[in-house]
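Enquirer: This is protein.cif, which holds mmCIF, C-alpha atoms:
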data_model
#
loop_
_atom_site.label_atom_id
_atom_site.label_comp_id
_atom_site.auth_asym_id
_atom_site.auth_seq_id
_atom_site.Cartn_x
_atom_site.Cartn_y
_atom_site.Cartn_z
CA MET A 1 29.97 -201.42 -132.37
CA ILE A 2 30.79 -204.05 -135.02
CA GLN A 3 32.87 -206.92 -133.70
CA ASN A 4 36.40 -206.89 -135.07
CA ASP A 5 37.91 -209.94 -133.36
CA ASN A 6 36.52 -212.61 -135.69
CA PRO A 7 39.50 -214.56 -137.10
CA GLY A 8 37.62 -214.93 -140.40
CA ILE A 9 37.67 -211.19 -141.09
CA SER A 10 40.16 -210.12 -143.75
CA PRO A 11 42.95 -207.73 -142.71
CA LEU A 12 41.52 -205.09 -145.08
CA ARG A 13 38.03 -205.30 -143.58
CA ARG A 14 39.50 -205.25 -140.06
CA ARG A 15 41.49 -202.12 -140.88
CA MET A 16 38.40 -200.37 -142.24
CA ILE A 17 36.41 -201.24 -139.10
CA GLU A 18 39.27 -199.88 -136.98
CA ASP A 19 39.28 -196.67 -139.01
CA MET A 20 35.53 -196.22 -138.52
CA THR A 21 35.72 -197.08 -134.82
CA ALA A 22 38.52 -194.53 -134.32
CA ARG A 23 36.22 -191.89 -135.77
CA ARG A 24 33.37 -193.07 -133.51
CA PHE A 25 31.03 -193.86 -136.37
CA ALA A 26 27.67 -195.22 -135.24
CA GLU A 27 27.02 -198.90 -135.91
CA PRO A 28 24.42 -198.27 -138.68
CA THR A 29 26.97 -196.06 -140.47
CA GLN A 30 29.64 -198.73 -140.15
CA ILE A 31 27.30 -201.38 -141.53
CA ALA A 32 26.33 -199.14 -144.48
CA HIS A 33 29.97 -198.35 -145.31
CA LEU A 34 30.98 -202.02 -145.17
CA ARG A 35 28.02 -202.91 -147.38
CA ALA A 36 29.14 -200.31 -149.92
CA VAL A 37 32.68 -201.73 -150.15
CA THR A 38 31.32 -205.28 -150.38
CA LEU A 39 29.17 -204.15 -153.29
CA LEU A 40 32.25 -202.68 -154.96
CA ALA A 41 34.23 -205.89 -154.44
CA LYS A 42 31.46 -208.00 -155.98
CA PHE A 43 31.36 -205.71 -158.99
CA LEU A 44 35.13 -205.82 -159.43
CA ARG A 45 35.40 -209.56 -158.71
CA LYS A 46 38.68 -208.80 -157.00
CA SER A 47 39.96 -207.16 -153.83
CA PRO A 48 38.65 -203.57 -153.57
CA ASP A 49 42.14 -202.25 -152.67
CA THR A 50 43.14 -202.82 -156.32
CA VAL A 51 40.45 -200.49 -157.67
CA THR A 52 41.36 -197.91 -160.31
CA GLY A 53 39.77 -194.67 -161.36
CA GLU A 54 38.23 -196.33 -164.40
CA ASP A 55 36.85 -199.09 -162.17
CA LEU A 56 35.11 -196.47 -160.04
CA ARG A 57 33.65 -194.81 -163.10
CA ARG A 58 32.23 -198.11 -164.35
CA PHE A 59 30.96 -198.97 -160.86
CA GLN A 60 28.98 -195.76 -160.53
CA ILE A 61 27.48 -196.25 -164.00
CA HIS A 62 26.57 -199.79 -162.93
CA LEU A 63 24.75 -198.49 -159.84
CA ALA A 64 22.59 -196.24 -162.00
CA GLU A 65 21.92 -198.96 -164.58
CA ILE A 66 20.66 -201.48 -162.03
CA GLY A 67 18.13 -198.95 -160.76
CA LYS A 68 19.62 -197.88 -157.44
CA THR A 69 17.84 -194.83 -156.07
CA PRO A 70 19.81 -191.59 -155.73
CA SER A 71 19.84 -192.01 -151.95
CA ALA A 72 21.14 -195.58 -152.23
CA ILE A 73 23.79 -194.48 -154.73
CA ASN A 74 24.95 -191.73 -152.41
CA ALA A 75 25.11 -194.12 -149.44
CA THR A 76 27.39 -196.33 -151.54
CA VAL A 77 29.46 -193.36 -152.68
CA TYR A 78 30.06 -192.20 -149.10
CA GLY A 79 31.06 -195.69 -147.98
CA VAL A 80 33.49 -196.28 -150.83
CA ARG A 81 34.86 -192.76 -150.50
CA PHE A 82 35.63 -193.33 -146.82
CA PHE A 83 37.33 -196.62 -147.65
CA LEU A 84 39.51 -194.95 -150.26
CA GLU A 85 40.38 -191.90 -148.17
CA ALA A 86 40.82 -193.38 -144.71
CA THR A 87 41.69 -197.02 -145.19
CA LEU A 88 43.68 -196.92 -148.44
CA ASP A 89 44.94 -193.32 -148.05
CA LYS A 90 44.06 -192.52 -151.66
CA PRO A 91 42.18 -189.20 -151.48
CA ASP A 92 42.72 -188.44 -155.17
CA LEU A 93 41.02 -191.70 -156.08
CA ALA A 94 38.21 -191.01 -153.62
CA ARG A 95 37.34 -187.82 -155.47
CA ARG A 96 36.34 -189.94 -158.44
CA MET A 97 33.25 -191.04 -156.51
CA ARG A 98 30.70 -188.24 -156.69
CA ALA A 99 27.31 -187.97 -155.04
CA VAL A 100 24.26 -187.55 -157.27
CA ARG A 101 21.42 -185.09 -156.91
CA VAL A 102 18.54 -186.32 -154.77
CA GLU A 103 15.03 -185.10 -155.53
CA HIS A 104 13.48 -183.14 -152.68
CA ARG A 105 10.17 -184.60 -151.58
CA ILE A 106 7.94 -183.27 -148.84
CA PRO A 107 7.11 -185.86 -146.16
CA VAL A 108 3.82 -187.72 -145.96
CA ILE A 109 1.78 -186.42 -143.03
CA LEU A 110 -1.12 -188.14 -141.29
CA SER A 111 -3.89 -186.28 -139.50
CA THR A 112 -4.06 -186.59 -135.71
CA GLU A 113 -7.02 -188.93 -136.16
CA GLU A 114 -5.08 -191.13 -138.58
CA VAL A 115 -2.14 -191.28 -136.18
CA ALA A 116 -4.42 -192.37 -133.33
CA THR A 117 -5.96 -195.08 -135.53
CA LEU A 118 -2.53 -196.23 -136.69
CA ILE A 119 -1.23 -196.62 -133.13
CA GLU A 120 -4.36 -198.41 -131.98
CA SER A 121 -4.07 -200.81 -134.94
CA ALA A 122 -0.60 -202.03 -133.95
CA SER A 123 -0.47 -205.76 -133.27
CA SER A 124 0.68 -205.72 -129.64
CA LEU A 125 0.94 -203.48 -126.60
CA LYS A 126 4.69 -203.23 -127.13
CA TYR A 127 4.28 -201.89 -130.65
CA LYS A 128 1.39 -199.61 -129.66
CA THR A 129 3.67 -198.07 -127.02
CA ALA A 130 6.71 -197.87 -129.28
CA LEU A 131 4.68 -196.06 -131.95
CA SER A 132 3.33 -193.75 -129.26
CA VAL A 133 6.89 -192.84 -128.28
CA ALA A 134 7.88 -192.11 -131.89
CA TYR A 135 4.91 -189.78 -132.29
CA GLY A 136 4.62 -188.38 -128.77
CA ALA A 137 8.30 -187.50 -128.41
CA GLY A 138 9.35 -187.19 -132.07
CA LEU A 139 12.02 -189.88 -131.86
CA ARG A 140 13.72 -191.66 -134.74
CA ALA A 141 13.23 -195.43 -135.01
CA GLY A 142 16.76 -196.11 -133.78
CA GLU A 143 16.23 -193.78 -130.84
CA VAL A 144 13.07 -195.64 -129.83
CA CYS A 145 14.99 -198.93 -130.02
CA GLY A 146 17.81 -197.50 -127.88
CA LEU A 147 15.63 -196.29 -125.00
CA ARG A 148 16.51 -197.70 -121.59
CA THR A 149 14.43 -197.40 -118.45
CA SER A 150 17.03 -195.03 -117.01
CA ASP A 151 16.32 -192.64 -119.91
CA ILE A 152 12.78 -191.99 -118.64
CA ASP A 153 12.82 -189.07 -116.21
CA SER A 154 9.31 -188.84 -114.78
CA GLN A 155 10.33 -186.05 -112.38
CA ARG A 156 11.43 -183.66 -115.11
CA MET A 157 9.06 -185.21 -117.67
CA ILE A 158 11.73 -185.77 -120.29
CA LEU A 159 13.15 -188.66 -122.28
CA ARG A 160 16.93 -188.69 -122.57
CA VAL A 161 18.11 -189.64 -126.02
CA ASP A 162 21.54 -191.19 -125.61
CA GLN A 163 23.81 -190.69 -128.61
CA GLY A 164 21.19 -189.98 -131.24
CA LYS A 165 21.98 -189.11 -134.84
CA GLY A 166 25.38 -187.45 -135.12
CA ASN A 167 26.42 -189.00 -131.78
CA LYS A 168 24.56 -186.30 -129.89
CA ASP A 169 22.65 -186.54 -126.62
CA ARG A 170 19.44 -184.55 -126.27
CA ASN A 171 16.30 -184.35 -124.19
CA ALA A 172 12.89 -185.09 -125.70
CA VAL A 173 9.48 -184.26 -124.31
CA LEU A 174 7.62 -186.77 -122.16
CA PRO A 175 3.93 -185.79 -122.14
CA PRO A 176 1.79 -187.23 -119.32
CA LEU A 177 -0.23 -189.49 -121.64
CA LEU A 178 2.96 -190.99 -123.05
CA LEU A 179 4.33 -191.60 -119.55
CA GLU A 180 1.06 -193.33 -118.67
CA ARG A 181 1.33 -195.60 -121.72
CA LEU A 182 4.95 -196.41 -120.93
CA ARG A 183 4.02 -197.41 -117.38
CA ILE A 184 1.17 -199.61 -118.60
CA TRP A 185 3.52 -201.36 -121.04
CA TRP A 186 6.24 -201.80 -118.42
CA ARG A 187 3.91 -203.34 -115.83
CA TYR A 188 2.46 -205.68 -118.46
CA ALA A 189 5.89 -206.75 -119.76
CA LYS A 190 7.36 -207.09 -116.26
CA ARG A 191 4.68 -209.57 -115.20
CA ARG A 192 5.59 -211.69 -118.22
CA SER A 193 9.38 -211.42 -117.70
CA GLN A 194 9.73 -209.69 -121.07
CA VAL A 195 11.77 -206.81 -119.63
CA ILE A 196 14.48 -206.45 -117.01
CA ASP A 197 15.19 -203.63 -114.56
CA GLY A 198 17.63 -201.13 -116.03
CA GLY A 199 17.26 -202.74 -119.44
CA TRP A 200 15.68 -201.83 -122.74
CA VAL A 201 12.24 -200.28 -122.73
CA PHE A 202 11.42 -202.23 -125.88
CA PRO A 203 13.42 -205.47 -125.91
CA GLY A 204 13.62 -207.89 -128.80
CA ARG A 205 12.87 -211.57 -128.47
CA GLU A 206 15.45 -211.74 -125.69
CA PRO A 207 15.34 -209.04 -122.97
CA ILE A 208 19.10 -208.45 -123.25
CA ASN A 209 18.71 -207.13 -126.80
CA PRO A 210 16.64 -204.15 -128.00
CA VAL A 211 13.94 -204.46 -130.63
CA SER A 212 15.28 -203.67 -134.09
CA ALA A 213 14.25 -200.72 -136.24
CA ARG A 214 13.30 -203.21 -138.94
CA MET A 215 10.77 -204.87 -136.63
CA LEU A 216 9.30 -201.49 -135.70
CA ASN A 217 8.88 -200.56 -139.35
CA ARG A 218 7.22 -203.90 -140.04
CA ALA A 219 4.85 -203.18 -137.17
CA VAL A 220 3.99 -199.76 -138.64
CA HIS A 221 3.30 -201.19 -142.09
CA ALA A 222 1.10 -203.93 -140.63
CA ALA A 223 -0.78 -201.37 -138.52
CA ALA A 224 -1.35 -199.14 -141.55
CA THR A 225 -2.86 -202.10 -143.42
CA VAL A 226 -5.19 -202.92 -140.54
CA ALA A 227 -6.14 -199.24 -140.18
CA GLY A 228 -6.89 -198.92 -143.89
CA ILE A 229 -4.33 -196.14 -144.35
CA ASP A 230 -3.15 -196.23 -147.96
CA LYS A 231 -0.49 -193.54 -147.57
CA PRO A 232 3.14 -194.71 -147.49
CA VAL A 233 4.07 -194.71 -143.80
CA SER A 234 7.08 -195.70 -141.70
CA MET A 235 8.38 -195.04 -138.20
CA HIS A 236 9.84 -191.79 -139.52
CA THR A 237 6.36 -190.72 -140.64
CA LEU A 238 5.40 -190.49 -136.97
CA ARG A 239 8.36 -188.19 -136.33
CA HIS A 240 7.27 -186.03 -139.28
CA CYS A 241 3.75 -185.91 -137.84
CA PHE A 242 5.07 -184.89 -134.42
CA ALA A 243 6.88 -181.89 -135.92
CA THR A 244 4.08 -180.88 -138.26
CA HIS A 245 1.34 -181.10 -135.64
CA LEU A 246 3.44 -179.02 -133.23
CA LEU A 247 3.89 -176.39 -135.93
CA GLU A 248 0.14 -176.37 -136.52
CA GLN A 249 -0.27 -175.72 -132.77
CA LYS A 250 1.89 -172.60 -133.26
CA VAL A 251 4.94 -173.98 -131.43
CA ASP A 252 7.98 -171.93 -132.45
CA VAL A 253 9.93 -173.67 -135.22
CA ARG A 254 13.17 -173.10 -133.30
CA VAL A 255 11.76 -175.04 -130.34
CA ILE A 256 10.78 -177.86 -132.69
CA GLN A 257 14.31 -177.79 -134.10
CA VAL A 258 15.73 -178.45 -130.61
CA LEU A 259 13.20 -181.20 -129.87
CA LEU A 260 14.03 -182.98 -133.12
CA GLY A 261 17.78 -182.55 -132.69
CA HIS A 262 18.18 -180.87 -136.08
CA LYS A 263 21.49 -179.14 -136.72
CA LYS A 264 20.01 -176.68 -139.22
CA LEU A 265 16.83 -174.65 -138.90
CA SER A 266 16.26 -175.07 -142.64
CA THR A 267 15.72 -178.81 -142.08
CA THR A 268 12.96 -178.15 -139.55
CA ALA A 269 11.45 -175.41 -141.73
CA THR A 270 10.54 -178.09 -144.28
CA TYR A 271 7.47 -178.84 -142.18
CA THR A 272 5.99 -175.42 -142.96
CA GLN A 273 5.31 -176.86 -146.43
CA VAL A 274 3.02 -179.57 -145.06
CA ALA A 275 1.36 -177.88 -142.08
CA SER A 276 -2.23 -177.76 -143.31
CA THR A 277 -3.51 -175.19 -140.79
CA LEU A 278 -0.89 -172.73 -142.03
CA LEU A 279 -1.99 -173.31 -145.61
CA HIS A 280 -5.63 -172.85 -144.66
CA LYS A 281 -4.89 -169.38 -143.29
CA VAL A 282 -3.59 -168.23 -146.66
CA ILE A 283 -6.16 -166.28 -148.66
CA SER A 284 -5.62 -166.90 -152.35
CA PRO A 285 -5.87 -163.85 -154.60
CA ILE A 286 -8.63 -165.60 -156.53
CA GLU A 287 -10.92 -164.95 -153.55
CA SER A 288 -10.96 -161.27 -154.52
CA GLN A 289 -13.01 -162.31 -157.57
CA ARG A 290 -15.76 -163.92 -155.49
CA ASN A 291 -18.16 -160.93 -155.85
CA THR A 292 -17.18 -159.94 -159.35
#
What would you get if you wrote out this structure as structure tokens?
Expert:
Amino acid sequence: MIQNDNPGISPLRRRMIEDMTARRFAEPTQIAHLRAVTLLAKFLRKSPDTVTGEDLRRFQIHLAEIGKTPSAINATVYGVRFFLEATLDKPDLARRMRAVRVEHRIPVILSTEEVATLIESASSLKYKTALSVAYGAGLRAGEVCGLRTSDIDSQRMILRVDQGKGNKDRNAVLPPLLLERLRIWWRYAKRRSQVIDGGWVFPGREPINPVSARMLNRAVHAAATVAGIDKPVSMHTLRHCFATHLLEQKVDVRVIQVLLGHKKLSTTATYTQVASTLLHKVISPIESQRNT
């Protein structure tokens, strides 16, 4: 969690961190909320606890005018709204901040061949293995970063995801090939003192710290360039591919929902829109005109 004992932190910021900690918000959420309030303070050029309803109106117009995406605007709205409701106890003022509509876009999906090429094009064995975990087990970038050696259960062939999105634990699949790649990486890293027993599977520059999601995404982008893949890809693309390829293999969508840790089946059902083998089975009515 975010450190709250720095004497340079303002009482208002400290109180907000305490409010988020009490609600057990994950660190990325805390960072995003603090960033949102900092953005508000810079816009106001005064302490954010003096904000008025008109200030909030002008601030949200400002966000749109400077070209913030709908998702970025909403992230800011949620952060400021929490600050107003929880830290300042001004729920009526918080209601002035309203989320905007986000366009629904289907995810970019790579073929199995493209995924294999992408992984092989990663710059190091560590990144090759990390990308393999994202695709082979369907993990989010943060979940890959948070893997510890104790989370690998080779007896039950599962990966334990500790406090994933929504502060939920879940079990992910551990296919034999992925286990083999993890063991190869661990033996390699162990010989070079890059990892420690009971520590992170994918450490950062220092073994006591995990690799960051930002570094993993940089590795994916670099691998895509080397592989000649011109589609927009990220670590999350590999998770999308995991789900879509399972669906194409006729795995029940409810099983995929559990593996991904989705709360709603409708979220998982999105992948039916991009599963190419399902689309190929559809016979268009124009085919009835073939012999006419």
Enquirer: List the residues matched by the PyMOL selection byres ((chain A and resi 74) around 9) in the displayed structure as a list in words, ordered by chain and then by residue number.
Expert: Thr69, Pro70, Ser71, Ala72, Ile73, Ala75, Thr76, Val77, Tyr78, Gly79, Arg98, Ala99, Val100, Arg101 and Val102 of chain A
Enquirer: A:Pro48, A:Pro107, A:Gly136, A:Gly228: which is nearest Leu182 of chain A, counting only C-alpha atoms?
Expert: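 Answer, going by the shortest atom-to-atom distance: A:Gly136.
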Enquirer: Measure the distance from atom CA of Ile119 of chain A to atom CA of Lys250 of chain A in Å and round it to one decimal.
Expert: 24.2 Å
Enquirer: Once the PyMOL selection byres ((chain A and resi 40) around 12) is applied to the coordinates I shared, what remains selected? I want it as JSON, numbers by chain.
Expert: {"A": [33, 34, 35, 36, 37, 38, 39, 41, 42, 43, 44, 45, 46, 47, 48, 49, 50, 51, 52, 55, 56, 57, 58, 59, 60, 62, 63, 73, 76, 77, 79, 80, 81, 83, 84, 97]}
Enquirer: In the coordinate frame of the file, compute which residues have an atom within 8 Å of (15.4, -183.6, -135.0) when using all atoms listed in the file, and state them as a compact mmCIF listing (two decimals) with C-alpha atoms, keeping the file's coordinate frame.
Expert:
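The result, written out as point-v1.txt:
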# COMPACT_ATOMS: atom_id res chain seq x y z
CA GLY A 138 9.35 -187.19 -132.07
CA LEU A 139 12.02 -189.88 -131.86
CA ILE A 256 10.78 -177.86 -132.69
CA GLN A 257 14.31 -177.79 -134.10
CA VAL A 258 15.73 -178.45 -130.61
CA LEU A 259 13.20 -181.20 -129.87
CA LEU A 260 14.03 -182.98 -133.12
CA GLY A 261 17.78 -182.55 -132.69
CA HIS A 262 18.18 -180.87 -136.08
CA LYS A 263 21.49 -179.14 -136.72
CA THR A 268 12.96 -178.15 -139.55
Enquirer: My list of candidates is A:Glu206, A:His221, A:Val195, A:Tyr135. Which is closest to Ile109 of chain A when distances are computed with only C-alpha atoms?
Expert: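 Distance minimum relative to Ile109 of chain A lands on A:Tyr135.
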Enquirer: Translate the PyMOL selection byres ((chain A and resi 234) around 6) into a concrete residue list for this structure, as number ranges by chain.
Expert: A: 217, 220, 233, 235-237
Enquirer: Let me see the file: selected residues, C-alpha atoms, as a tab-separated table (two decimals), in the coordinates of the input.
Expert:
chain	number	residue	atom	x	y	z
A	217	ASN	CA	8.88	-200.56	-139.35
A	220	VAL	CA	3.99	-199.76	-138.64
A	233	VAL	CA	4.07	-194.71	-143.80
A	235	MET	CA	8.38	-195.04	-138.20
A	236	HIS	CA	9.84	-191.79	-139.52
A	237	THR	CA	6.36	-190.72	-140.64
Enquirer: Which of these residues is nearest to Ala222 of chain A, using all atoms listed in the file: A:Ala243, A:Leu118, A:Leu125, A:Leu159?
Expert: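 Under the stated criterion, the closest residue is A:Leu118.
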Enquirer: If I take atom CA of Pro203 of chain A and atom CA of Ile229 of chain A, how far is one from the other in Å, to one decimal?
Expert: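 Rounded to one decimal, the two atoms are 27.2 Å apart.
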Enquirer: What is the distance, in Å and to one decimal place, between atom CA of Gly142 of chain A and atom CA of Ser212 of chain A?
Expert: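 Straight-line distance from atom CA of Gly142 of chain A to atom CA of Ser212 of chain A works out to 7.7 Å.
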Enquirer: Padding of 3 Å on every side, edges along x, y and z, all listed atoms of segment 133-150 of chain A included: what centre and edge lengths in Å, to one decimal, does that box have, as JSON?
Expert:
{"center_x": 11.2, "center_y": -193.1, "center_z": -126.0, "size_x": 19.2, "size_y": 17.7, "size_z": 24.0}
Enquirer: Would it be fine to have segment 58-69 of chain A, with all heavy atoms, given as an mmCIF file, in the first residue's frame?
Expert:
data_model
loop_
_atom_site.group_PDB
_atom_site.id
_atom_site.type_symbol
_atom_site.label_atom_id
_atom_site.label_comp_id
_atom_site.auth_asym_id
_atom_site.auth_seq_id
_atom_site.Cartn_x
_atom_site.Cartn_y
_atom_site.Cartn_z
ATOM 1 N N ARG A 58 -16.493 23.336 -14.348
ATOM 2 C CA ARG A 58 -15.433 23.857 -15.211
ATOM 3 C C ARG A 58 -14.300 22.834 -15.372
ATOM 4 O O ARG A 58 -13.713 22.704 -16.446
ATOM 5 C CB ARG A 58 -14.867 25.159 -14.639
ATOM 6 C CG ARG A 58 -15.841 26.331 -14.681
ATOM 7 C CD ARG A 58 -15.169 27.655 -14.314
ATOM 8 N NE ARG A 58 -14.599 27.628 -12.962
ATOM 9 C CZ ARG A 58 -13.298 27.565 -12.704
ATOM 10 N NH1 ARG A 58 -12.418 27.530 -13.710
ATOM 11 N NH2 ARG A 58 -12.860 27.559 -11.458
ATOM 12 N N PHE A 59 -14.025 22.087 -14.309
ATOM 13 C CA PHE A 59 -12.967 21.085 -14.351
ATOM 14 C C PHE A 59 -13.310 19.976 -15.333
ATOM 15 O O PHE A 59 -12.458 19.549 -16.124
ATOM 16 C CB PHE A 59 -12.768 20.508 -12.947
ATOM 17 C CG PHE A 59 -11.728 19.408 -12.876
ATOM 18 C CD1 PHE A 59 -10.433 19.625 -13.313
ATOM 19 C CD2 PHE A 59 -12.062 18.159 -12.361
ATOM 20 C CE1 PHE A 59 -9.470 18.613 -13.238
ATOM 21 C CE2 PHE A 59 -11.113 17.147 -12.284
ATOM 22 C CZ PHE A 59 -9.815 17.372 -12.728
ATOM 23 N N GLN A 60 -14.551 19.525 -15.332
ATOM 24 C CA GLN A 60 -14.920 18.437 -16.234
ATOM 25 C C GLN A 60 -14.935 18.912 -17.684
ATOM 26 O O GLN A 60 -14.571 18.160 -18.592
ATOM 27 C CB GLN A 60 -16.267 17.838 -15.840
ATOM 28 C CG GLN A 60 -16.535 16.508 -16.513
ATOM 29 C CD GLN A 60 -17.406 15.575 -15.693
ATOM 30 O OE1 GLN A 60 -17.772 15.878 -14.563
ATOM 31 N NE2 GLN A 60 -17.746 14.431 -16.262
ATOM 32 N N ILE A 61 -15.331 20.170 -17.903
ATOM 33 C CA ILE A 61 -15.249 20.735 -19.254
ATOM 34 C C ILE A 61 -13.787 20.806 -19.696
ATOM 35 O O ILE A 61 -13.448 20.488 -20.840
ATOM 36 C CB ILE A 61 -15.885 22.141 -19.288
ATOM 37 C CG1 ILE A 61 -17.398 22.048 -19.065
ATOM 38 C CG2 ILE A 61 -15.585 22.839 -20.619
ATOM 39 C CD1 ILE A 61 -18.086 23.383 -18.923
ATOM 40 N N HIS A 62 -12.922 21.190 -18.758
ATOM 41 C CA HIS A 62 -11.489 21.287 -19.039
ATOM 42 C C HIS A 62 -10.920 19.931 -19.459
ATOM 43 O O HIS A 62 -10.127 19.844 -20.406
ATOM 44 C CB HIS A 62 -10.769 21.800 -17.786
ATOM 45 C CG HIS A 62 -9.284 21.666 -17.834
ATOM 46 N ND1 HIS A 62 -8.482 22.464 -18.637
ATOM 47 C CD2 HIS A 62 -8.436 20.817 -17.169
ATOM 48 C CE1 HIS A 62 -7.215 22.113 -18.469
ATOM 49 N NE2 HIS A 62 -7.160 21.124 -17.588
ATOM 50 N N LEU A 63 -11.318 18.871 -18.789
ATOM 51 C CA LEU A 63 -10.826 17.535 -19.119
ATOM 52 C C LEU A 63 -11.177 17.160 -20.553
ATOM 53 O O LEU A 63 -10.373 16.553 -21.271
ATOM 54 C CB LEU A 63 -11.409 16.497 -18.154
ATOM 55 C CG LEU A 63 -10.985 16.588 -16.686
ATOM 56 C CD1 LEU A 63 -11.719 15.539 -15.862
ATOM 57 C CD2 LEU A 63 -9.476 16.415 -16.541
ATOM 58 N N ALA A 64 -12.390 17.502 -20.971
ATOM 59 C CA ALA A 64 -12.814 17.201 -22.333
ATOM 60 C C ALA A 64 -12.063 18.063 -23.340
ATOM 61 O O ALA A 64 -11.660 17.580 -24.411
ATOM 62 C CB ALA A 64 -14.320 17.412 -22.469
ATOM 63 N N GLU A 65 -11.833 19.324 -23.000
ATOM 64 C CA GLU A 65 -11.183 20.259 -23.931
ATOM 65 C C GLU A 65 -9.716 19.918 -24.167
ATOM 66 O O GLU A 65 -9.190 20.174 -25.254
ATOM 67 C CB GLU A 65 -11.305 21.688 -23.407
ATOM 68 C CG GLU A 65 -12.712 22.256 -23.503
ATOM 69 C CD GLU A 65 -12.815 23.675 -22.953
ATOM 70 O OE1 GLU A 65 -11.905 24.086 -22.192
ATOM 71 O OE2 GLU A 65 -13.802 24.364 -23.283
ATOM 72 N N ILE A 66 -9.042 19.352 -23.179
ATOM 73 C CA ILE A 66 -7.628 19.028 -23.361
ATOM 74 C C ILE A 66 -7.438 17.648 -24.002
ATOM 75 O O ILE A 66 -6.317 17.171 -24.157
ATOM 76 C CB ILE A 66 -6.843 19.093 -22.027
ATOM 77 C CG1 ILE A 66 -7.368 18.049 -21.018
ATOM 78 C CG2 ILE A 66 -6.902 20.494 -21.447
ATOM 79 C CD1 ILE A 66 -6.562 18.013 -19.731
ATOM 80 N N GLY A 67 -8.541 17.009 -24.375
ATOM 81 C CA GLY A 67 -8.457 15.773 -25.132
ATOM 82 C C GLY A 67 -8.331 14.500 -24.331
ATOM 83 O O GLY A 67 -7.915 13.465 -24.865
ATOM 84 N N LYS A 68 -8.704 14.531 -23.052
ATOM 85 C CA LYS A 68 -8.680 13.297 -22.261
ATOM 86 C C LYS A 68 -9.670 12.294 -22.860
ATOM 87 O O LYS A 68 -10.772 12.662 -23.271
ATOM 88 C CB LYS A 68 -9.081 13.582 -20.816
ATOM 89 C CG LYS A 68 -8.051 14.347 -19.999
ATOM 90 C CD LYS A 68 -6.943 13.434 -19.528
ATOM 91 C CE LYS A 68 -6.014 14.133 -18.570
ATOM 92 N NZ LYS A 68 -4.901 13.254 -18.132
ATOM 93 N N THR A 69 -9.278 11.045 -22.910
ATOM 94 C CA THR A 69 -10.179 10.015 -23.411
ATOM 95 C C THR A 69 -11.320 9.799 -22.421
ATOM 96 O O THR A 69 -11.179 10.133 -21.233
ATOM 97 C CB THR A 69 -9.437 8.686 -23.610
ATOM 98 O OG1 THR A 69 -8.996 8.202 -22.327
ATOM 99 C CG2 THR A 69 -8.239 8.857 -24.533
#
